[in-house]
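This is model_26.txt (compact mmCIF, C-alpha atoms and all ligand atoms).
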```txt
# COMPACT_ATOMS: atom_id res chain seq x y z
CA MET S 845 -21.82 25.53 -24.10
CA GLN S 846 -25.35 24.51 -25.01
CA THR S 847 -27.08 22.37 -22.37
CA LYS S 848 -27.55 19.44 -24.73
CA GLU S 849 -23.89 19.48 -25.66
CA LEU S 850 -22.96 19.65 -21.98
CA ILE S 851 -25.15 16.61 -21.20
CA ASN S 852 -23.52 14.70 -24.08
CA LYS S 853 -20.04 15.59 -22.89
CA ILE S 854 -20.76 14.50 -19.30
CA SER S 855 -22.10 11.15 -20.59
CA LEU S 856 -18.79 10.68 -22.36
CA GLY S 857 -16.68 11.30 -19.27
CA TYR S 858 -16.29 15.06 -19.00
CA GLN S 859 -16.42 16.22 -15.36
CA PRO S 860 -18.67 19.25 -15.07
CA ASN S 861 -17.78 22.15 -12.80
CA LYS S 862 -20.12 23.62 -10.20
CA ASN S 863 -21.74 26.13 -12.55
CA GLU S 864 -22.38 23.54 -15.21
CA ILE S 865 -23.99 21.22 -12.65
CA ILE S 866 -26.18 24.04 -11.39
CA LYS S 867 -27.25 24.86 -14.94
CA ILE S 868 -28.56 21.31 -15.36
CA LEU S 869 -30.21 21.15 -11.94
CA ARG S 870 -32.09 24.36 -12.74
CA LEU S 871 -33.80 22.89 -15.82
CA ASP S 872 -37.53 23.33 -15.52
CA LYS S 873 -40.35 21.09 -16.60
CA GLU S 874 -40.97 22.95 -19.86
CA ASP S 875 -37.37 22.84 -20.99
CA GLU S 876 -36.74 20.32 -23.80
CA ASN S 877 -33.29 19.67 -22.35
CA LEU S 878 -34.93 18.12 -19.31
CA SER S 879 -36.28 15.09 -21.17
CA TYR S 880 -32.88 14.83 -22.85
CA LEU S 881 -31.22 14.67 -19.41
CA PHE S 882 -33.48 11.77 -18.34
CA TYR S 883 -33.08 10.05 -21.71
CA LYS S 884 -29.28 10.23 -21.49
CA ALA S 885 -29.31 9.05 -17.87
CA GLU S 886 -31.22 5.96 -18.97
CA GLN S 887 -28.83 5.34 -21.86
CA VAL S 888 -25.82 5.57 -19.54
CA THR S 889 -27.51 3.21 -17.06
CA LEU S 890 -28.11 0.65 -19.83
CA LYS S 891 -24.53 0.94 -21.03
CA TYR S 892 -22.80 0.65 -17.64
CA CYS S 893 -25.30 -1.14 -15.36
CA LYS S 894 -27.44 -3.10 -17.87
CA ASP S 895 -31.22 -3.03 -17.67
CA GLU S 896 -31.39 -5.09 -14.50
CA ILE S 897 -32.55 -3.80 -11.15
CA GLN S 898 -30.84 -5.08 -8.02
CA ILE S 899 -33.19 -5.92 -5.18
CA ARG S 900 -31.65 -5.76 -1.71
CA ALA S 901 -33.09 -6.82 1.62
CA ILE S 902 -32.59 -4.41 4.48
CA ILE S 903 -32.89 -5.44 8.13
CA GLU S 904 -33.32 -2.40 10.35
CA PHE S 905 -32.31 -4.22 13.49
CA SER S 906 -32.21 -1.47 16.12
CA ASN S 907 -33.64 2.03 16.39
CA TYR S 908 -31.48 3.00 19.38
CA CYS S 909 -29.17 5.82 18.38
CA ARG S 910 -26.56 7.87 20.20
CA CYS S 911 -26.69 10.66 17.59
CA LYS S 912 -28.54 13.96 17.45
CA CYS S 913 -29.03 14.38 13.70
CA ALA S 914 -31.34 17.37 13.33
CA TYR S 915 -33.40 15.69 10.56
CA CYS S 916 -33.73 12.14 11.82
CA GLY S 917 -36.61 10.74 13.85
CA LEU S 918 -34.29 8.26 15.58
CA ASN S 919 -32.23 11.05 17.20
CA CYS S 920 -31.56 10.33 20.87
CA ASN S 921 -33.53 13.40 22.00
CA ASN S 922 -36.72 11.85 20.69
CA LYS S 923 -38.25 10.47 23.87
CA LEU S 924 -41.60 9.60 22.29
CA ILE S 925 -40.35 6.80 20.10
CA LYS S 926 -40.46 3.24 21.44
CA ARG S 927 -36.99 1.77 21.05
CA TYR S 928 -36.28 -1.82 20.01
CA ARG S 929 -33.35 -4.12 19.43
CA MET S 930 -33.60 -7.36 17.51
CA THR S 931 -31.83 -10.34 19.04
CA ILE S 932 -29.03 -12.00 17.13
CA ASP S 933 -31.29 -15.00 16.46
CA GLU S 934 -34.06 -12.75 15.14
CA ILE S 935 -31.63 -10.98 12.80
CA VAL S 936 -30.16 -14.22 11.47
CA ASN S 937 -33.58 -15.84 11.04
CA THR S 938 -34.79 -12.79 9.10
CA ALA S 939 -31.72 -12.94 6.87
CA PHE S 940 -32.37 -16.65 6.28
CA GLU S 941 -35.98 -16.01 5.26
CA ALA S 942 -34.85 -13.22 2.94
CA TYR S 943 -32.25 -15.49 1.35
CA GLU S 944 -34.88 -18.18 0.83
CA ALA S 945 -37.12 -15.56 -0.84
CA GLY S 946 -34.39 -14.79 -3.38
CA TYR S 947 -32.39 -11.94 -1.88
CA LYS S 948 -28.63 -12.10 -2.39
CA THR S 949 -27.72 -8.94 -0.50
CA ILE S 950 -28.54 -8.37 3.13
CA VAL S 951 -28.16 -4.80 4.38
CA LEU S 952 -27.82 -4.60 8.15
CA GLN S 953 -28.84 -1.14 9.26
CA SER S 954 -29.39 0.44 12.66
CA GLY S 955 -29.06 3.66 14.56
CA GLU S 956 -25.61 4.15 16.07
CA ASP S 957 -26.15 1.56 18.78
CA LEU S 958 -23.03 0.45 20.62
CA TRP S 959 -25.00 -2.25 22.46
CA TYR S 960 -24.06 -4.29 19.40
CA SER S 961 -20.41 -4.69 20.29
CA LYS S 962 -17.71 -5.70 17.84
CA GLU S 963 -18.18 -9.30 19.01
CA LYS S 964 -21.95 -9.25 18.54
CA ILE S 965 -21.71 -7.75 15.05
CA CYS S 966 -19.06 -10.33 14.13
CA GLU S 967 -21.28 -13.15 15.33
CA ILE S 968 -24.16 -11.82 13.22
CA LEU S 969 -21.87 -11.52 10.18
CA LYS S 970 -20.48 -15.01 10.60
CA ARG S 971 -23.89 -16.60 10.98
CA ILE S 972 -25.42 -14.75 8.05
CA LYS S 973 -22.46 -15.58 5.82
CA GLY S 974 -23.03 -19.22 6.76
CA ILE S 975 -26.52 -19.12 5.23
CA GLY S 976 -25.30 -19.15 1.64
CA ASP S 977 -23.68 -17.19 -1.13
CA LEU S 978 -24.76 -13.67 -0.27
CA ALA S 979 -23.28 -10.22 0.20
CA ILE S 980 -23.56 -8.27 3.42
CA THR S 981 -23.71 -4.52 3.67
CA LEU S 982 -23.25 -2.87 7.04
CA SER S 983 -24.91 0.46 7.74
CA ILE S 984 -24.32 1.06 11.44
CA GLY S 985 -22.59 4.43 11.43
CA GLU S 986 -19.29 5.56 12.83
CA ARG S 987 -17.12 3.00 14.62
CA GLU S 988 -13.44 2.55 15.43
CA ILE S 989 -11.22 1.68 12.47
CA GLU S 990 -10.24 -1.52 14.32
CA GLU S 991 -13.87 -2.60 14.31
CA TYR S 992 -14.31 -1.83 10.62
CA LYS S 993 -11.24 -4.00 10.00
CA GLU S 994 -12.64 -6.87 12.02
CA PHE S 995 -16.06 -6.66 10.35
CA LYS S 996 -14.43 -6.81 6.94
CA LYS S 997 -12.38 -9.84 7.92
CA THR S 998 -15.47 -11.56 9.30
CA GLY S 999 -17.56 -11.18 6.17
CA ALA S 1000 -18.91 -7.68 5.63
CA ASP S 1001 -18.51 -6.86 1.93
CA ARG S 1002 -19.89 -3.34 1.78
CA PHE S 1003 -20.43 -0.37 4.04
CA LEU S 1004 -23.04 2.31 3.65
CA ILE S 1005 -22.40 5.61 5.40
CA LYS S 1006 -23.86 8.68 3.77
CA HIS S 1007 -22.07 12.00 3.82
CA GLU S 1008 -25.57 13.59 4.06
CA THR S 1009 -24.30 16.96 2.79
CA ALA S 1010 -20.89 17.97 1.46
CA ASP S 1011 -21.22 21.46 2.89
CA GLU S 1012 -19.00 21.18 5.95
CA LEU S 1013 -20.65 24.01 7.90
CA LEU S 1014 -24.12 22.68 7.21
CA TYR S 1015 -23.03 19.15 8.11
CA ASN S 1016 -21.66 20.34 11.44
CA LYS S 1017 -24.82 22.32 12.16
CA LEU S 1018 -27.06 19.31 11.47
CA HIS S 1019 -24.83 16.88 13.42
CA PRO S 1020 -24.03 18.56 16.74
CA HIS S 1021 -22.59 15.30 18.12
CA SER S 1022 -20.00 14.93 15.35
CA ASN S 1023 -18.42 16.66 12.38
CA PHE S 1024 -17.88 16.36 8.65
CA LYS S 1025 -14.18 15.53 8.96
CA SER S 1026 -14.80 12.37 10.95
CA ARG S 1027 -17.51 11.25 8.49
CA PHE S 1028 -15.12 11.81 5.59
CA GLN S 1029 -12.38 9.97 7.48
CA CYS S 1030 -14.67 6.94 7.96
CA LEU S 1031 -15.45 6.82 4.26
CA LYS S 1032 -11.79 6.98 3.31
CA GLU S 1033 -10.77 4.32 5.84
CA LEU S 1034 -13.56 1.97 4.76
CA LYS S 1035 -12.47 2.32 1.17
CA LYS S 1036 -8.86 1.62 2.13
CA LEU S 1037 -9.96 -1.51 3.98
CA GLY S 1038 -11.42 -2.85 0.75
CA TYR S 1039 -15.12 -2.38 1.38
CA GLN S 1040 -17.40 -1.49 -1.49
CA ILE S 1041 -18.54 1.86 -0.16
CA GLY S 1042 -21.86 3.59 -0.34
CA SER S 1043 -22.46 7.23 0.44
CA GLY S 1044 -25.14 9.71 -0.48
CA PHE S 1045 -27.04 12.78 0.60
CA MET S 1046 -30.42 14.39 1.04
CA VAL S 1047 -32.01 16.82 -1.41
CA GLY S 1048 -33.95 19.79 -0.05
CA LEU S 1049 -32.33 20.12 3.36
CA PRO S 1050 -32.88 23.56 4.83
CA TRP S 1051 -30.01 25.97 4.07
CA GLN S 1052 -29.00 23.83 1.10
CA GLY S 1053 -28.69 25.50 -2.28
CA TYR S 1054 -27.98 24.31 -5.82
CA ASP S 1055 -24.31 24.98 -5.14
CA THR S 1056 -24.45 22.55 -2.17
CA LEU S 1057 -25.90 19.85 -4.42
CA ALA S 1058 -23.16 20.50 -6.97
CA LYS S 1059 -20.63 20.01 -4.18
CA ASP S 1060 -22.39 16.76 -3.18
CA LEU S 1061 -22.09 15.35 -6.70
CA ILE S 1062 -18.46 16.40 -7.05
CA PHE S 1063 -17.76 14.86 -3.64
CA LEU S 1064 -19.26 11.50 -4.67
CA LYS S 1065 -17.20 11.58 -7.85
CA SER S 1066 -13.98 12.30 -5.99
CA LEU S 1067 -14.62 9.38 -3.63
CA GLU S 1068 -15.47 7.03 -6.50
CA VAL S 1069 -18.24 5.47 -4.43
CA ASP S 1070 -19.70 2.09 -5.40
CA MET S 1071 -23.16 3.18 -4.40
CA ALA S 1072 -24.90 6.50 -3.74
CA GLY S 1073 -28.28 6.95 -2.08
CA ILE S 1074 -29.89 10.25 -2.99
CA GLY S 1075 -33.30 11.02 -1.53
CA PRO S 1076 -35.50 13.98 -0.63
CA PHE S 1077 -35.50 15.39 2.88
CA ILE S 1078 -38.77 14.68 4.73
CA PRO S 1079 -39.45 16.64 7.93
CA HIS S 1080 -40.12 14.51 11.00
CA PRO S 1081 -42.35 15.97 13.77
CA GLU S 1082 -40.00 14.94 16.57
CA THR S 1083 -36.96 16.77 15.23
CA GLU S 1084 -35.61 20.31 15.18
CA LEU S 1085 -36.43 20.53 11.49
CA LYS S 1086 -40.10 19.65 11.90
CA ASN S 1087 -41.34 22.95 10.46
CA GLN S 1088 -39.10 22.96 7.42
CA VAL S 1089 -40.29 22.36 3.86
CA LYS S 1090 -39.88 18.87 2.42
CA GLY S 1091 -37.46 18.23 -0.44
CA SER S 1092 -38.67 18.26 -4.04
CA THR S 1093 -38.98 14.89 -5.76
CA PHE S 1094 -38.56 16.59 -9.13
CA LEU S 1095 -35.24 18.08 -8.08
CA THR S 1096 -34.23 14.71 -6.59
CA LEU S 1097 -34.85 12.98 -9.93
CA LYS S 1098 -32.69 15.55 -11.72
CA VAL S 1099 -29.91 15.03 -9.17
CA VAL S 1100 -30.14 11.23 -9.60
CA ALA S 1101 -30.03 11.58 -13.39
CA LEU S 1102 -26.99 13.82 -13.25
CA ALA S 1103 -25.36 11.48 -10.71
CA ARG S 1104 -25.80 8.67 -13.23
CA LEU S 1105 -24.17 10.70 -16.01
CA MET S 1106 -21.23 11.60 -13.77
CA LEU S 1107 -20.74 8.35 -11.84
CA LYS S 1108 -21.49 5.78 -14.58
CA TYR S 1109 -20.92 2.41 -12.81
CA THR S 1110 -22.14 3.47 -9.37
CA HIS S 1111 -25.21 1.72 -7.98
CA LEU S 1112 -27.99 4.26 -7.48
CA PRO S 1113 -31.07 3.22 -5.51
CA ALA S 1114 -34.55 4.56 -6.05
CA THR S 1115 -34.68 5.63 -2.42
CA THR S 1116 -37.51 4.80 -0.05
CA SER S 1117 -37.93 8.49 0.78
CA LEU S 1118 -38.63 9.22 -2.89
CA GLY S 1119 -41.45 6.66 -2.81
CA VAL S 1120 -42.80 8.06 0.45
CA LEU S 1121 -43.33 11.46 -1.15
CA ASN S 1122 -44.44 10.19 -4.53
CA GLU S 1123 -44.74 6.55 -5.58
CA LEU S 1124 -44.76 7.49 -9.29
CA ASP S 1125 -41.51 9.40 -8.93
CA LYS S 1126 -39.96 6.32 -7.41
CA ILE S 1127 -40.89 4.34 -10.52
CA ALA S 1128 -39.67 7.24 -12.68
CA ALA S 1129 -36.29 6.95 -10.96
CA PHE S 1130 -35.76 3.65 -12.81
CA SER S 1131 -35.80 5.50 -16.09
CA SER S 1132 -33.67 8.33 -14.75
CA GLY S 1133 -30.57 6.50 -13.63
CA ALA S 1134 -31.57 4.36 -10.62
CA ASN S 1135 -30.80 0.62 -10.72
CA VAL S 1136 -31.29 -0.59 -7.14
CA ILE S 1137 -34.21 -0.97 -4.77
CA MET S 1138 -34.14 -1.81 -1.09
CA GLN S 1139 -36.93 -3.66 0.70
CA LYS S 1140 -37.37 -3.76 4.46
CA VAL S 1141 -37.58 -7.33 5.71
CA GLU S 1142 -37.55 -7.07 9.51
CA PRO S 1143 -40.77 -8.15 11.28
CA HIS S 1144 -43.59 -5.65 10.75
CA LYS S 1145 -43.84 -4.85 14.45
CA TYR S 1146 -40.39 -3.22 14.20
CA ARG S 1147 -40.85 -1.47 10.86
CA ARG S 1148 -43.27 1.12 12.22
CA LEU S 1149 -40.73 1.95 14.94
CA TYR S 1150 -37.86 2.53 12.54
CA GLU S 1151 -39.21 5.94 11.73
CA ILE S 1152 -36.38 8.02 10.29
CA TYR S 1153 -39.07 10.11 8.60
CA PRO S 1154 -42.85 9.69 8.64
CA SER S 1155 -44.14 7.15 6.14
CA LYS S 1156 -47.24 5.08 5.61
CA LEU S 1157 -46.81 1.38 6.14
CA LYS S 1158 -48.18 -1.11 3.71
CA VAL S 1159 -50.31 -4.14 4.51
CA HIS S 1160 -48.58 -6.96 6.29
CA LYS S 1161 -47.24 -9.54 3.89
CA SER S 1162 -44.57 -12.18 4.15
CA ILE S 1163 -41.01 -11.53 3.00
CA LEU S 1164 -41.62 -13.77 -0.02
CA GLU S 1165 -44.90 -12.04 -0.97
CA GLU S 1166 -43.25 -8.64 -0.73
CA ARG S 1167 -40.36 -9.83 -2.87
CA LYS S 1168 -42.81 -11.03 -5.53
CA ASP S 1169 -44.59 -7.65 -5.43
CA ILE S 1170 -41.30 -5.83 -6.03
CA GLU S 1171 -40.44 -8.13 -8.90
CA LYS S 1172 -43.78 -7.31 -10.52
CA TYR S 1173 -43.22 -3.60 -9.91
CA ILE S 1174 -39.83 -3.76 -11.65
CA LEU S 1175 -41.21 -5.64 -14.64
CA LYS S 1176 -44.02 -3.08 -14.88
CA ALA S 1177 -41.38 -0.36 -15.02
CA GLY S 1178 -39.97 -2.13 -18.10
CA LYS S 1179 -36.85 -3.46 -16.41
CA LYS S 1180 -35.40 -6.86 -15.66
CA ILE S 1181 -34.58 -8.35 -12.29
CA SER S 1182 -31.01 -9.10 -11.38
CA PHE S 1183 -30.37 -12.47 -9.82
CA THR S 1184 -26.74 -11.73 -9.01
CA LYS S 1185 -25.31 -10.52 -5.70
CA GLY S 1186 -25.02 -7.10 -7.27
CA ASP S 1187 -21.40 -6.40 -6.45
CA SER S 1188 -19.94 -3.13 -7.54
CA PHE S 1189 -19.69 -2.87 -11.32
CA LYS S 1190 -16.25 -1.46 -10.72
CA ILE S 1191 -14.96 -4.86 -9.54
CA LYS S 1192 -13.63 -6.61 -12.55
N1 LIG S 1201 -35.62 12.74 5.47
C1 LIG S 1201 -35.01 12.07 4.48
N2 LIG S 1201 -33.99 11.21 4.67
C2 LIG S 1201 -33.59 11.04 5.94
N3 LIG S 1201 -32.62 10.28 6.45
C3 LIG S 1201 -32.61 10.43 7.78
N4 LIG S 1201 -33.57 11.29 8.16
C4 LIG S 1201 -34.18 11.70 7.03
C5 LIG S 1201 -35.25 12.59 6.76
N5 LIG S 1201 -35.87 13.25 7.73
C6 LIG S 1201 -31.72 9.47 5.61
C7 LIG S 1201 -30.28 9.87 5.86
C8 LIG S 1201 -29.70 8.63 6.51
C9 LIG S 1201 -30.58 7.52 6.00
C10 LIG S 1201 -30.59 6.30 6.83
O1 LIG S 1201 -31.85 8.12 5.95
O2 LIG S 1201 -29.66 10.13 4.61
O3 LIG S 1201 -28.37 8.40 6.18
```
For this file, produce the structure as C-alpha cells.
Ligand code: 5AD
Amino acid sequence: MQTKELINKISLGYQPNKNEIIKILRLDKEDENLSYLFYKAEQVTLKYCKDEIQIRAIIEFSNYCRCKCAYCGLNCNNKLIKRYRMTIDEIVNTAFEAYEAGYKTIVLQSGEDLWYSKEKICEILKRIKGIGDLAITLSIGEREIEEYKEFKKTGADRFLIKHETADELLYNKLHPHSNFKSRFQCLKELKKLGYQIGSGFMVGLPWQGYDTLAKDLIFLKSLEVDMAGIGPFIPHPETELKNQVKGSTFLTLKVVALARLMLKYTHLPATTSLGVLNELDKIAAFSSGANVIMQKVEPHKYRRLYEIYPSKLKVHKSILEERKDIEKYILKAGKKISFTKGDSFKIK
C-alpha cells in the first residue's frame, strides 16, 4: 500500500500493524508523505477534538520518590537533590489560585511518596473539589486498588500513569523496583473503577527501536486511553542513563501525529519535555495532533526541585500571568482556548 493511502485509511479507522506503523515513523524530512501525515493529523484533531486547546494546571506537590526509574532525576538513589513536600494547605491554596486564574483541571502529581496516606490524599481531594466546578487528575503512581477506589469516590476524576514503554523486558530493566505487569494491572484497574485514564511513553529511550514505538502505539489503542502523554527522553545527570543520547523531537512529532490518527478522541498533550528540547517543536505539536498543554503552578521555589529531567526555568511570574502567557501562545499557534473542564471526548 502506498504511504498516502495508508495514512488515509488510518484516519478513517483502519488499525495499522507494526510494519505499517514503522513505515510511517521512518518518513524523513524530504518525503512528501511527511507533510501529509502532519496535515492529516491536524484534520483528525479538528474533526474529533475541535480546534480548542485544553490548558491544565499541574501541582507537583512532592519530589520524594520510592522508585528507582533509570531515567528519572527523582529516583530515590539521587542523594544530591533537595527533597520537598507541600503541606495540604499549600496544595489547596495553589489549586484555589489556579482556579481563580481560569484553570478547570488540577493535576496533582508527585513522586511515589507514601507519606501522603490515603487519608491525606482524600482530604486534599475533598478540599480541592470544594473550590468549584473543576476536574482533578491524580498522578501519584502505583497504589493499592483499595486506595484508587477511595480516591475515585472522594473526587478524583482522572488518573495519569504512563506505561513508559510497552516493551516488557525494557520496562523491567528501567524499573528495577517494579515490573510491567503491575503497571498494566494498575491501568486496567483504574479504568474499571471509572477513571478517565491517561498513559503514555517516552521516545528515544536507549534500547528502544521503531518496533518498540509501534508496540507503544498499539498498546495505547488496545487500552483505549482518554489521554496519552508522548515526549522525548532527556538524559538526567544523576541517573544511570546520564550518558545516553536524548530523544529526537522530530521522531516524537511523528509519533504524536500517528497517535492522533490512530486514537482519534484521545487527549494528546504537547509535552513539557518536547518544549525543553525545542520550543518551536512544542508549538508544532499543536498542528500535528496535540490538543492539551500543562502548566506548572506550584510555588517557584519547588519547581526547580521537581527535576525529572534538566530544564531551564522561566522568569518568576504569578499563576495568572503565566496563564495569560499560555493563552497568548495558543492564539499565536492559530488555535482557540477551551474554557471547559476538558473531560474525555469519549464521554457522551
Ligand atoms: N526524560 C523524559 N521524560 C521523563 N520522564 C521521567 N524522566 C524523564 C526523562 N529523563 C517522564 C516519564 C514520567 C513523567 C512524569 O515524566 O514519562 O511518567
Check your understanding: What would the list of residues within 12 Å of (-25.8, -15.5, 9.6) (file frame) look like as a count of residues only, if only C-alpha atoms are what count?
Key -> 34
Distance filter 8 Å around ligand LIG 1201 (chain S), atoms: all atoms listed in the file, out as an mmCIF file with C-alpha atoms, in the frame of the given file:
```cif
data_model
loop_
_atom_site.group_PDB
_atom_site.id
_atom_site.type_symbol
_atom_site.label_atom_id
_atom_site.label_comp_id
_atom_site.auth_asym_id
_atom_site.auth_seq_id
_atom_site.Cartn_x
_atom_site.Cartn_y
_atom_site.Cartn_z
ATOM 1 C CA CYS S 913 -29.030 14.380 13.700
ATOM 2 C CA TYR S 915 -33.400 15.690 10.560
ATOM 3 C CA CYS S 916 -33.730 12.140 11.820
ATOM 4 C CA GLY S 917 -36.610 10.740 13.850
ATOM 5 C CA ILE S 1005 -22.400 5.610 5.400
ATOM 6 C CA LYS S 1006 -23.860 8.680 3.770
ATOM 7 C CA HIS S 1007 -22.070 12.000 3.820
ATOM 8 C CA GLU S 1008 -25.570 13.590 4.060
ATOM 9 C CA GLY S 1044 -25.140 9.710 -0.480
ATOM 10 C CA PHE S 1045 -27.040 12.780 0.600
ATOM 11 C CA MET S 1046 -30.420 14.390 1.040
ATOM 12 C CA GLY S 1073 -28.280 6.950 -2.080
ATOM 13 C CA ILE S 1074 -29.890 10.250 -2.990
ATOM 14 C CA GLY S 1075 -33.300 11.020 -1.530
ATOM 15 C CA PRO S 1076 -35.500 13.980 -0.630
ATOM 16 C CA PHE S 1077 -35.500 15.390 2.880
ATOM 17 C CA ILE S 1078 -38.770 14.680 4.730
ATOM 18 C CA PRO S 1079 -39.450 16.640 7.930
ATOM 19 C CA HIS S 1080 -40.120 14.510 11.000
ATOM 20 C CA SER S 1117 -37.930 8.490 0.780
ATOM 21 C CA ILE S 1152 -36.380 8.020 10.290
ATOM 22 C CA TYR S 1153 -39.070 10.110 8.600
ATOM 23 C CA PRO S 1154 -42.850 9.690 8.640
#
```
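Put simply, CA of Thr1096 (chain S) is 12.5 Å away from CA of Asp1060 (chain S).
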Review point. For the atom pair CA of Ile1041 (chain S) and CA of Phe1003 (chain S), what is the interatomic distance in Å to one decimal place?
Key: 5.1 Å
**Study point:** Near-region 906-909 of chain S list (12 Å; all atoms listed in the file; drop same-chain fewer than 5 positions) as an MDAnalysis selection string
**Key:** chainID S and resid 916:923 925:932 934:935 952:960 983:986 1021 1142:1143 1146:1152
Please produce an output containing C-alpha atoms for each residue in the selection, written as a PDB file, keeping the file's coordinate frame.
```
ATOM      1  CA  CYS S 916     -33.730  12.140  11.820  1.00  0.00           C
ATOM      2  CA  GLY S 917     -36.610  10.740  13.850  1.00  0.00           C
ATOM      3  CA  LEU S 918     -34.290   8.260  15.580  1.00  0.00           C
ATOM      4  CA  ASN S 919     -32.230  11.050  17.200  1.00  0.00           C
ATOM      5  CA  CYS S 920     -31.560  10.330  20.870  1.00  0.00           C
ATOM      6  CA  ASN S 921     -33.530  13.400  22.000  1.00  0.00           C
ATOM      7  CA  ASN S 922     -36.720  11.850  20.690  1.00  0.00           C
ATOM      8  CA  LYS S 923     -38.250  10.470  23.870  1.00  0.00           C
ATOM      9  CA  ILE S 925     -40.350   6.800  20.100  1.00  0.00           C
ATOM     10  CA  LYS S 926     -40.460   3.240  21.440  1.00  0.00           C
ATOM     11  CA  ARG S 927     -36.990   1.770  21.050  1.00  0.00           C
ATOM     12  CA  TYR S 928     -36.280  -1.820  20.010  1.00  0.00           C
ATOM     13  CA  ARG S 929     -33.350  -4.120  19.430  1.00  0.00           C
ATOM     14  CA  MET S 930     -33.600  -7.360  17.510  1.00  0.00           C
ATOM     15  CA  THR S 931     -31.830 -10.340  19.040  1.00  0.00           C
ATOM     16  CA  ILE S 932     -29.030 -12.000  17.130  1.00  0.00           C
ATOM     17  CA  GLU S 934     -34.060 -12.750  15.140  1.00  0.00           C
ATOM     18  CA  ILE S 935     -31.630 -10.980  12.800  1.00  0.00           C
ATOM     19  CA  LEU S 952     -27.820  -4.600   8.150  1.00  0.00           C
ATOM     20  CA  GLN S 953     -28.840  -1.140   9.260  1.00  0.00           C
ATOM     21  CA  SER S 954     -29.390   0.440  12.660  1.00  0.00           C
ATOM     22  CA  GLY S 955     -29.060   3.660  14.560  1.00  0.00           C
ATOM     23  CA  GLU S 956     -25.610   4.150  16.070  1.00  0.00           C
ATOM     24  CA  ASP S 957     -26.150   1.560  18.780  1.00  0.00           C
ATOM     25  CA  LEU S 958     -23.030   0.450  20.620  1.00  0.00           C
ATOM     26  CA  TRP S 959     -25.000  -2.250  22.460  1.00  0.00           C
ATOM     27  CA  TYR S 960     -24.060  -4.290  19.400  1.00  0.00           C
ATOM     28  CA  SER S 983     -24.910   0.460   7.740  1.00  0.00           C
ATOM     29  CA  ILE S 984     -24.320   1.060  11.440  1.00  0.00           C
ATOM     30  CA  GLY S 985     -22.590   4.430  11.430  1.00  0.00           C
ATOM     31  CA  GLU S 986     -19.290   5.560  12.830  1.00  0.00           C
ATOM     32  CA  HIS S1021     -22.590  15.300  18.120  1.00  0.00           C
ATOM     33  CA  GLU S1142     -37.550  -7.070   9.510  1.00  0.00           C
ATOM     34  CA  PRO S1143     -40.770  -8.150  11.280  1.00  0.00           C
ATOM     35  CA  TYR S1146     -40.390  -3.220  14.200  1.00  0.00           C
ATOM     36  CA  ARG S1147     -40.850  -1.470  10.860  1.00  0.00           C
ATOM     37  CA  ARG S1148     -43.270   1.120  12.220  1.00  0.00           C
ATOM     38  CA  LEU S1149     -40.730   1.950  14.940  1.00  0.00           C
ATOM     39  CA  TYR S1150     -37.860   2.530  12.540  1.00  0.00           C
ATOM     40  CA  GLU S1151     -39.210   5.940  11.730  1.00  0.00           C
ATOM     41  CA  ILE S1152     -36.380   8.020  10.290  1.00  0.00           C
TER      42      ILE S1152
END
```
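Checking S:Gly946, S:Arg870, S:Ala901, S:Leu1112 one by one against Gly1053 (chain S), counting all atoms listed in the file, you find the shortest gap at S:Arg870.
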Review point. Hey, which of S:Lys1176, S:Ile1170, S:Leu850, S:Phe1094 ends up closest to Asp872 (chain S)? Count only C-alpha atoms.
Key: S:Phe1094
Check your understanding: What's the 10 Å shell around Phe1183 (chain S), counting all atoms listed in the file, without same-chain residues fewer than 6 positions away, as a ChimeraX atom specification?
Key -> /S:896-899,946-948
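Here CA of Arg1104 (chain S) stands at a distance of 20.9 Å from CA of Thr1184 (chain S).
Contact shell of Leu1095 (chain S) at 12 Å (only C-alpha atoms; same-chain neighbours under 5 positions omitted): Ile866, Ile868, Leu869, Arg870, Leu871, Asp872, Lys873, Leu878, Met1046, Val1047, Gly1048, Leu1049, Gly1053, Tyr1054, Leu1057, Ile1074, Gly1075, Pro1076, Phe1077, Lys1090, Val1100, Ala1101, Leu1102, Leu1118, Asp1125, Ala1129 and Ser1132 of chain S.
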Same residues, C-alpha atoms, output as a short mmCIF file (atom, residue, chain, number, x, y, z; two decimals), keeping the file's coordinate frame:
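Here's the written file part-v2.cif:
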```cif
data_model
loop_
_atom_site.label_atom_id
_atom_site.label_comp_id
_atom_site.auth_asym_id
_atom_site.auth_seq_id
_atom_site.Cartn_x
_atom_site.Cartn_y
_atom_site.Cartn_z
CA ILE S 866 -26.18 24.04 -11.39
CA ILE S 868 -28.56 21.31 -15.36
CA LEU S 869 -30.21 21.15 -11.94
CA ARG S 870 -32.09 24.36 -12.74
CA LEU S 871 -33.80 22.89 -15.82
CA ASP S 872 -37.53 23.33 -15.52
CA LYS S 873 -40.35 21.09 -16.60
CA LEU S 878 -34.93 18.12 -19.31
CA MET S 1046 -30.42 14.39 1.04
CA VAL S 1047 -32.01 16.82 -1.41
CA GLY S 1048 -33.95 19.79 -0.05
CA LEU S 1049 -32.33 20.12 3.36
CA GLY S 1053 -28.69 25.50 -2.28
CA TYR S 1054 -27.98 24.31 -5.82
CA LEU S 1057 -25.90 19.85 -4.42
CA ILE S 1074 -29.89 10.25 -2.99
CA GLY S 1075 -33.30 11.02 -1.53
CA PRO S 1076 -35.50 13.98 -0.63
CA PHE S 1077 -35.50 15.39 2.88
CA LYS S 1090 -39.88 18.87 2.42
CA VAL S 1100 -30.14 11.23 -9.60
CA ALA S 1101 -30.03 11.58 -13.39
CA LEU S 1102 -26.99 13.82 -13.25
CA LEU S 1118 -38.63 9.22 -2.89
CA ASP S 1125 -41.51 9.40 -8.93
CA ALA S 1129 -36.29 6.95 -10.96
CA SER S 1132 -33.67 8.33 -14.75
#
```
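The list of residues with at least one atom within 7 Å of His1019 (chain S), based on only C-alpha atoms and without residues fewer than 2 positions apart in the same chain, reads Lys912, Cys913, Ala914, Tyr1015, Asn1016, Lys1017, His1021, Ser1022 and Asn1023 of chain S.
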**Study point:** Contacts of region 1034-1037 of chain S within 12 Å, all atoms listed in the file, excl. fewer than 3 positions in-chain, as a PyMOL selection string
**Key:** chain S and resi 982-983+985-997+1000-1005+1027-1031+1040-1043+1067-1070
Hey, could you pull the box centre and edge lengths for region 1116-1133 of chain S, axis-aligned, 6 Å padding per side, all listed atoms, to one decimal in Å, as AutoDock Vina command-line options?
```
--center_x -37.7 --center_y 7.6 --center_z -7.7 --size_x 26.2 --size_y 19.8 --size_z 28.9
```
